[in-house]
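Colleague: Have a peek at work09.cif (mmCIF, C-alpha atoms).
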data_model
loop_
_atom_site.label_atom_id
_atom_site.label_comp_id
_atom_site.auth_asym_id
_atom_site.auth_seq_id
_atom_site.Cartn_x
_atom_site.Cartn_y
_atom_site.Cartn_z
CA MET A 168 -37.55 -33.19 108.85
CA GLY A 169 -37.21 -33.00 105.10
CA GLU A 170 -35.45 -35.57 102.98
CA GLN A 171 -31.69 -35.12 102.99
CA ALA A 172 -29.94 -34.11 99.81
CA PRO A 173 -27.79 -36.77 98.09
CA PHE A 174 -24.21 -37.10 99.35
CA SER A 175 -21.51 -35.58 97.21
CA THR A 176 -17.78 -36.26 97.05
CA PRO A 177 -15.68 -33.44 98.53
CA ALA A 178 -13.27 -33.38 95.61
CA THR A 179 -15.58 -33.20 92.62
CA GLY A 180 -19.03 -32.50 94.00
CA GLY A 181 -20.34 -35.31 91.80
CA LEU A 182 -22.84 -37.95 92.81
CA ARG A 183 -21.71 -41.09 94.55
CA PRO A 184 -21.68 -44.14 92.25
CA ASP A 185 -24.60 -45.73 94.14
CA ASP A 186 -26.92 -42.73 93.90
CA GLY A 187 -28.54 -44.16 90.78
CA ARG A 188 -29.36 -47.36 92.66
CA LEU A 189 -30.83 -45.38 95.54
CA LEU A 190 -33.12 -43.49 93.16
CA ARG A 191 -34.20 -46.69 91.43
CA GLY A 192 -34.83 -48.24 94.85
CA ARG A 193 -37.12 -45.37 95.84
CA ARG A 194 -39.03 -45.67 92.58
CA SER A 195 -39.40 -49.43 93.00
CA ARG A 196 -40.68 -49.05 96.55
CA ALA A 197 -43.17 -46.41 95.38
CA ARG A 198 -44.38 -48.86 92.70
CA ILE A 199 -44.74 -51.60 95.32
CA ARG A 200 -46.73 -49.32 97.62
CA GLU A 201 -49.03 -48.26 94.80
CA ALA A 202 -49.66 -51.90 93.87
CA ALA A 203 -50.25 -52.89 97.49
CA ARG A 204 -52.65 -49.98 98.06
CA ALA A 205 -54.72 -51.02 95.04
CA LEU A 206 -54.80 -54.70 96.04
CA PHE A 207 -55.67 -53.93 99.66
CA ARG A 208 -58.71 -52.04 98.38
CA GLU A 209 -59.69 -54.66 95.80
CA ARG A 210 -59.13 -57.87 97.79
CA GLY A 211 -58.69 -56.77 101.38
CA PHE A 212 -55.49 -56.95 103.41
CA ASP A 213 -55.77 -60.63 104.42
CA ALA A 214 -56.39 -61.91 100.89
CA THR A 215 -53.50 -59.95 99.39
CA THR A 216 -50.23 -61.85 99.02
CA LEU A 217 -46.73 -60.55 98.45
CA ARG A 218 -46.61 -62.47 95.17
CA ALA A 219 -49.73 -60.66 94.00
CA ILE A 220 -48.22 -57.32 95.00
CA ALA A 221 -45.04 -58.16 93.09
CA ALA A 222 -47.01 -59.14 89.99
CA ARG A 223 -49.10 -55.95 90.13
CA ALA A 224 -45.90 -53.91 90.53
CA GLY A 225 -44.39 -55.63 87.49
CA MET A 226 -41.53 -57.38 89.27
CA GLY A 227 -40.58 -60.81 90.54
CA ALA A 228 -41.08 -61.89 94.15
CA SER A 229 -37.32 -62.01 94.72
CA SER A 230 -37.00 -58.40 93.56
CA LEU A 231 -39.83 -57.33 95.87
CA TYR A 232 -38.08 -58.88 98.88
CA ARG A 233 -35.13 -56.57 98.29
CA HIS A 234 -37.37 -53.63 99.21
CA ILE A 235 -39.85 -54.93 101.80
CA ARG A 236 -40.04 -57.81 104.27
CA SER A 237 -43.80 -58.16 104.78
CA LYS A 238 -47.16 -56.78 103.78
CA GLU A 239 -47.52 -55.57 107.39
CA GLU A 240 -44.65 -53.19 106.66
CA LEU A 241 -46.65 -51.80 103.75
CA LEU A 242 -49.72 -51.46 105.99
CA VAL A 243 -47.76 -49.37 108.47
CA ASP A 244 -46.47 -47.19 105.62
CA GLU A 245 -50.05 -46.56 104.47
CA LEU A 246 -51.29 -45.75 107.98
CA HIS A 247 -48.36 -43.40 108.57
CA GLU A 248 -49.09 -41.61 105.31
CA LEU A 249 -52.78 -41.24 106.19
CA GLN A 250 -51.92 -39.83 109.59
CA THR A 251 -49.44 -37.35 108.13
CA GLU A 252 -51.95 -36.29 105.46
CA ALA A 253 -54.64 -35.76 108.10
CA TRP A 254 -52.39 -33.41 110.08
CA HIS A 255 -51.34 -31.60 106.92
CA ARG A 256 -54.95 -31.01 105.82
CA PHE A 257 -55.87 -29.91 109.32
CA ARG A 258 -53.07 -27.34 109.30
CA ILE A 259 -54.17 -25.98 105.93
CA ARG A 260 -57.84 -25.49 106.76
CA GLU A 261 -57.63 -24.32 110.35
CA SER A 262 -57.35 -20.78 111.69
CA ARG A 263 -56.46 -20.77 115.36
CA SER A 264 -57.71 -17.24 115.92
CA GLU A 265 -61.20 -18.17 114.71
CA LYS A 266 -61.69 -21.67 116.17
CA THR A 267 -62.08 -22.88 119.71
CA THR A 268 -60.06 -25.79 121.00
CA LEU A 269 -63.12 -28.04 120.76
CA GLN A 270 -63.65 -27.01 117.14
CA ARG A 271 -59.97 -27.62 116.37
CA LEU A 272 -60.08 -31.10 117.88
CA ASN A 273 -63.21 -31.99 115.97
CA SER A 274 -61.69 -30.59 112.80
CA PHE A 275 -58.58 -32.78 113.07
CA LEU A 276 -60.55 -35.91 114.00
CA ASP A 277 -63.00 -35.24 111.16
CA VAL A 278 -60.19 -34.97 108.60
CA GLU A 279 -58.58 -38.13 109.97
CA HIS A 280 -61.87 -40.02 109.84
CA SER A 281 -62.57 -38.91 106.26
CA LEU A 282 -59.23 -40.36 105.15
CA LEU A 283 -59.61 -43.59 107.11
CA ALA A 284 -63.15 -44.09 105.78
CA LYS A 285 -61.65 -44.44 102.30
CA ASP A 286 -59.62 -47.46 103.50
CA PRO A 287 -61.76 -49.22 106.11
CA ASP A 288 -59.92 -52.49 105.65
CA LEU A 289 -56.63 -50.90 106.70
CA THR A 290 -58.32 -49.47 109.78
CA THR A 291 -59.80 -52.86 110.66
CA ILE A 292 -56.43 -54.64 110.40
CA ALA A 293 -54.71 -51.92 112.42
CA LEU A 294 -57.30 -52.16 115.19
CA ARG A 295 -57.06 -55.93 115.20
CA ALA A 296 -53.28 -55.76 115.44
CA THR A 297 -53.40 -53.75 118.66
CA THR A 298 -55.21 -56.63 120.40
CA HIS A 299 -52.55 -59.13 119.31
CA PRO A 300 -49.23 -57.94 120.75
CA GLU A 301 -47.41 -60.84 119.08
CA ALA A 302 -48.43 -59.60 115.64
CA ARG A 303 -45.54 -58.06 113.73
CA VAL A 304 -47.50 -54.93 112.93
CA ALA A 305 -48.81 -54.32 116.47
CA ARG A 306 -45.86 -52.36 117.85
CA HIS A 307 -45.70 -50.10 114.80
CA VAL A 308 -49.43 -49.38 114.92
CA LEU A 309 -49.19 -48.51 118.61
CA VAL A 310 -46.33 -46.12 117.84
CA LEU A 311 -48.59 -44.38 115.31
CA GLN A 312 -51.33 -44.18 117.95
CA ASP A 313 -48.88 -42.53 120.33
CA ARG A 314 -48.08 -40.03 117.59
CA THR A 315 -51.78 -39.21 117.31
CA VAL A 316 -51.92 -38.73 121.08
CA GLY A 317 -49.06 -36.25 120.75
CA LEU A 318 -50.88 -34.30 118.03
CA LEU A 319 -54.05 -34.13 120.15
CA ALA A 320 -52.03 -33.07 123.20
CA GLU A 321 -50.52 -30.23 121.17
CA ILE A 322 -54.00 -28.89 120.36
CA LEU A 323 -55.08 -29.24 123.99
CA GLN A 324 -51.93 -27.55 125.30
CA GLN A 325 -52.55 -24.57 123.02
CA GLY A 326 -56.14 -24.45 124.30
CA ARG A 327 -54.97 -24.44 127.92
CA THR A 328 -52.52 -21.64 127.14
CA ARG A 329 -55.41 -19.63 125.66
CA GLY A 330 -57.43 -20.14 128.83
CA GLU A 331 -60.05 -22.42 127.27
CA LEU A 332 -59.11 -25.39 129.46
CA ASP A 333 -58.86 -25.67 133.22
CA ARG A 334 -55.29 -24.90 134.33
CA GLY A 335 -55.02 -28.18 136.19
CA VAL A 336 -55.89 -30.35 133.20
CA ASP A 337 -53.39 -33.07 132.31
CA VAL A 338 -53.38 -32.53 128.55
CA LEU A 339 -51.56 -35.79 127.83
CA ALA A 340 -54.11 -37.82 129.81
CA ALA A 341 -56.93 -35.96 128.09
CA ALA A 342 -55.36 -36.65 124.67
CA ARG A 343 -55.09 -40.36 125.50
CA THR A 344 -58.74 -40.40 126.58
CA ILE A 345 -59.79 -38.89 123.26
CA ALA A 346 -57.66 -41.43 121.38
CA HIS A 347 -59.19 -44.33 123.33
CA ALA A 348 -62.72 -43.03 122.70
CA THR A 349 -61.92 -42.65 119.01
CA ASN A 350 -60.60 -46.21 118.81
CA GLY A 351 -63.70 -47.48 120.61
CA ALA A 352 -65.93 -45.90 117.97
CA ARG A 353 -63.76 -47.33 115.21
CA ILE A 354 -63.95 -50.83 116.69
CA ALA A 355 -67.75 -50.59 116.56
CA TRP A 356 -67.49 -49.31 112.97
CA ALA A 357 -65.09 -52.10 111.96
CA ASN A 358 -67.51 -54.70 113.35
CA GLY A 359 -70.52 -53.27 111.51
CA LEU A 360 -72.21 -51.82 114.60
CA LEU A 361 -71.81 -48.29 113.24
CA ASP A 362 -71.56 -46.94 109.73
CA ALA A 363 -68.95 -44.32 108.83
CA ASP A 364 -71.25 -41.40 109.71
CA GLY A 365 -72.22 -43.04 112.99
CA CYS A 366 -68.56 -43.47 113.85
CA ARG A 367 -67.88 -39.81 113.14
CA ALA A 368 -70.83 -38.76 115.33
CA ALA A 369 -69.73 -41.05 118.15
CA VAL A 370 -66.26 -39.50 118.16
CA GLN A 371 -67.66 -35.97 118.24
CA THR A 372 -70.00 -36.86 121.13
CA ALA A 373 -67.13 -38.37 123.12
CA VAL A 374 -64.97 -35.27 122.64
CA GLU A 375 -67.82 -32.96 123.66
CA LEU A 376 -68.48 -35.00 126.82
CA LEU A 377 -64.81 -34.84 127.73
CA PHE A 378 -64.82 -31.08 127.31
CA GLN A 379 -67.58 -30.74 129.86
CA GLY A 380 -65.03 -31.95 132.40
CA ILE A 381 -61.87 -30.12 131.30
CA ALA A 382 -63.13 -26.77 130.01
CA ALA A 383 -62.29 -23.64 131.98
CA ARG A 384 -64.95 -22.70 134.50
#
Starting from the file, lay out its structure as structure tokens.

Modeller:
Amino acid sequence: MGEQAPFSTPATGGLRPDDGRLLRGRRSRARIREAARALFRERGFDATTLRAIAARAGMGASSLYRHIRSKEELLVDELHELQTEAWHRFRIRESRSEKTTLQRLNSFLDVEHSLLAKDPDLTTIALRATTHPEARVARHVLVLQDRTVGLLAEILQQGRTRGELDRGVDVLAAARTIAHATNGARIAWANGLLDADGCRAAVQTAVELLFQGIAAR
């Protein structure tokens, strides 16, 4: 859904008195996110403090707290933006009539990996959060993972409709399996057992092995 237009008063059609504050709030939050993104890359997520983010954004800590509650909130914003960008780029470069379902899956996962590889620290923290349910960021990261499962299931459902997948395939279960395999490769990458290219190759191999079981006979 797109961003809603500002409210207007029925009598005059003018802007509400607080619309200026809303616009300034959006600009301030954008400044905070830009500062946080830069510091996450320079220092890493763990070493970045909210005070440092506030200083980089050119505001006091008290002003920053009016817009965000934690750096985990900023992490989730960054991960959500990366996920949305991956889907957007996938949509732009794909042509359903010319690509198989396997090629479409690999295309989306490749775009997603390319974006995540630019921010490996964010990926590491997100993966770590999913193993600590008590962490504030864990639930939000898992929601984003479920969103990825939904995107993968959409590709698989279209492939089943086109007759490329066995009719009896549970596309949601298959999408979850792909997501789990992808996370497994990223855990190895985050722990230094694979480099970025090795992670990409591991994901592609996992998807191809899965397809041997779900492809139409």

Colleague: Quick one: residues within 12 Å of stretch 317-322 of chain A, all atoms listed in the file counted, chain neighbours fewer than 5 positions away excluded, as a ChimeraX atom specification?

Modeller: /A:250-251,253-255,257-258,261,263,266-276,279,310-312,327-329,331-332,336-347,349,374

Colleague: For A:His307, which residue out of A:Leu241, A:Cys366, A:Ala284, A:Leu323 is the nearest one, using only C-alpha atoms?

Modeller: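 Between A:Leu241, A:Cys366, A:Ala284, A:Leu323, the residue approaching A:His307 most closely is A:Leu241.
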
Colleague: Mind giving me the straight-line distance from atom CA of A:Arg256 to atom CA of A:Ser281 in Å, one decimal?

Modeller: 11.0 Å

Colleague: Suppose a student applies the PyMOL selection byres ((chain A and resi 383) around 7) to this structure; what residues should they get, written as a ChimeraX atom specification?

Modeller: /A:330-333,381-382,384

Colleague: To one decimal place, how far is atom CA of A:Ile220 from atom CA of A:Leu309 in Å?

Modeller: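 Atom CA of A:Leu309 lies 25.2 Å from atom CA of A:Ile220.
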
Colleague: When distances are computed from only C-alpha atoms, which of A:Leu283, A:Ala363, A:Ala222, A:Leu231 shows the smallest separation from A:Glu252?

Modeller: A:Leu283

Colleague: Just to confirm, what's the straight-line distance from atom CA of A:Arg260 to atom CA of A:Ile292 in Å (one decimal)?

Modeller: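 According to the coordinates, atom CA of A:Arg260 and atom CA of A:Ile292 are separated by 29.4 Å.
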
Colleague: If we count only C-alpha atoms, what is near A:Ala355 at a cut-off of 10 Å, once residues fewer than 4 positions away on the same chain are taken out, given as JSON, numbers by chain?

Modeller: {"A": [350, 351, 359, 360, 361, 362, 365, 366, 369]}

Colleague: Determine the residue set returned by the PyMOL selection byres ((chain A and resi 234) around 10) for the present structure, and present it as a VMD selection string.

Modeller: chain A and resid 192 to 193 195 to 196 199 229 to 233 235 to 237

Colleague: Please produce a file of those selected residues containing C-alpha atoms, as an mmCIF file, in the frame of the given file.

Modeller:
data_model
loop_
_atom_site.group_PDB
_atom_site.id
_atom_site.type_symbol
_atom_site.label_atom_id
_atom_site.label_comp_id
_atom_site.auth_asym_id
_atom_site.auth_seq_id
_atom_site.Cartn_x
_atom_site.Cartn_y
_atom_site.Cartn_z
ATOM 1 C CA GLY A 192 -34.830 -48.240 94.850
ATOM 2 C CA ARG A 193 -37.120 -45.370 95.840
ATOM 3 C CA SER A 195 -39.400 -49.430 93.000
ATOM 4 C CA ARG A 196 -40.680 -49.050 96.550
ATOM 5 C CA ILE A 199 -44.740 -51.600 95.320
ATOM 6 C CA SER A 229 -37.320 -62.010 94.720
ATOM 7 C CA SER A 230 -37.000 -58.400 93.560
ATOM 8 C CA LEU A 231 -39.830 -57.330 95.870
ATOM 9 C CA TYR A 232 -38.080 -58.880 98.880
ATOM 10 C CA ARG A 233 -35.130 -56.570 98.290
ATOM 11 C CA ILE A 235 -39.850 -54.930 101.800
ATOM 12 C CA ARG A 236 -40.040 -57.810 104.270
ATOM 13 C CA SER A 237 -43.800 -58.160 104.780
#

Colleague: Compare A:Glu375, A:Thr215, A:Arg210, A:Pro287 by their minimum atom-to-atom distance to A:Asn358, counting all atoms listed in the file, and give me the closest one.

Modeller: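 Looking only at the distances to A:Asn358, the closest residue turns out to be A:Pro287.
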
Colleague: Between A:Ala203, A:Val370, A:Ala224, A:Ala305, which one has atoms that come closest to A:Arg353, using all atoms listed in the file?

Modeller: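 Result for the nearest residue to A:Arg353: A:Val370.
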
Colleague: With the input short on atoms, add N, CA and C atoms back to stretch 254-279 of chain A and write it as a compact mmCIF listing (two decimals), in the coordinates of the input.

Modeller:
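File written: selection36.txt
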# COMPACT_ATOMS: atom_id res chain seq x y z
N TRP A 254 -52.95 -34.58 109.38
CA TRP A 254 -52.39 -33.41 110.08
C TRP A 254 -52.10 -32.28 109.11
N HIS A 255 -51.62 -32.62 107.93
CA HIS A 255 -51.34 -31.60 106.92
C HIS A 255 -52.61 -30.88 106.50
N ARG A 256 -53.68 -31.63 106.23
CA ARG A 256 -54.95 -31.01 105.82
C ARG A 256 -55.53 -30.18 106.95
N PHE A 257 -55.39 -30.67 108.16
CA PHE A 257 -55.87 -29.91 109.32
C PHE A 257 -55.16 -28.57 109.41
N ARG A 258 -53.85 -28.58 109.23
CA ARG A 258 -53.07 -27.34 109.30
C ARG A 258 -53.51 -26.35 108.22
N ILE A 259 -53.80 -26.86 107.05
CA ILE A 259 -54.17 -25.98 105.93
C ILE A 259 -55.51 -25.29 106.19
N ARG A 260 -56.49 -26.03 106.69
CA ARG A 260 -57.84 -25.49 106.76
C ARG A 260 -58.18 -24.80 108.08
N GLU A 261 -57.30 -24.92 109.06
CA GLU A 261 -57.63 -24.32 110.35
C GLU A 261 -57.16 -22.87 110.45
N SER A 262 -57.78 -22.13 111.34
CA SER A 262 -57.35 -20.78 111.69
C SER A 262 -57.50 -20.66 113.19
N ARG A 263 -56.40 -20.71 113.90
CA ARG A 263 -56.46 -20.77 115.36
C ARG A 263 -57.19 -19.59 115.97
N SER A 264 -57.09 -18.43 115.35
CA SER A 264 -57.71 -17.24 115.92
C SER A 264 -59.23 -17.28 115.81
N GLU A 265 -59.77 -18.15 114.94
CA GLU A 265 -61.20 -18.17 114.71
C GLU A 265 -61.88 -19.42 115.25
N LYS A 266 -61.11 -20.42 115.70
CA LYS A 266 -61.69 -21.67 116.17
C LYS A 266 -61.36 -21.92 117.63
N THR A 267 -62.32 -22.48 118.33
CA THR A 267 -62.08 -22.88 119.71
C THR A 267 -61.30 -24.18 119.71
N THR A 268 -60.80 -24.54 120.89
CA THR A 268 -60.06 -25.79 121.00
C THR A 268 -60.95 -26.98 120.65
N LEU A 269 -62.19 -26.95 121.08
CA LEU A 269 -63.12 -28.04 120.76
C LEU A 269 -63.32 -28.14 119.25
N GLN A 270 -63.48 -27.01 118.59
CA GLN A 270 -63.65 -27.01 117.14
C GLN A 270 -62.39 -27.52 116.44
N ARG A 271 -61.23 -27.17 116.97
CA ARG A 271 -59.97 -27.62 116.37
C ARG A 271 -59.80 -29.13 116.52
N LEU A 272 -60.15 -29.65 117.68
CA LEU A 272 -60.08 -31.10 117.88
C LEU A 272 -61.01 -31.83 116.93
N ASN A 273 -62.25 -31.35 116.86
CA ASN A 273 -63.21 -31.99 115.97
C ASN A 273 -62.79 -31.88 114.51
N SER A 274 -62.15 -30.78 114.17
CA SER A 274 -61.69 -30.59 112.80
C SER A 274 -60.62 -31.62 112.45
N PHE A 275 -59.64 -31.80 113.33
CA PHE A 275 -58.58 -32.78 113.07
C PHE A 275 -59.14 -34.20 113.00
N LEU A 276 -59.99 -34.56 113.96
CA LEU A 276 -60.55 -35.91 114.00
C LEU A 276 -61.46 -36.16 112.79
N ASP A 277 -62.13 -35.11 112.33
CA ASP A 277 -63.00 -35.24 111.16
C ASP A 277 -62.18 -35.50 109.90
N VAL A 278 -61.07 -34.76 109.75
CA VAL A 278 -60.19 -34.97 108.60
C VAL A 278 -59.61 -36.38 108.64
N GLU A 279 -59.16 -36.80 109.82
CA GLU A 279 -58.58 -38.13 109.97
C GLU A 279 -59.60 -39.21 109.62
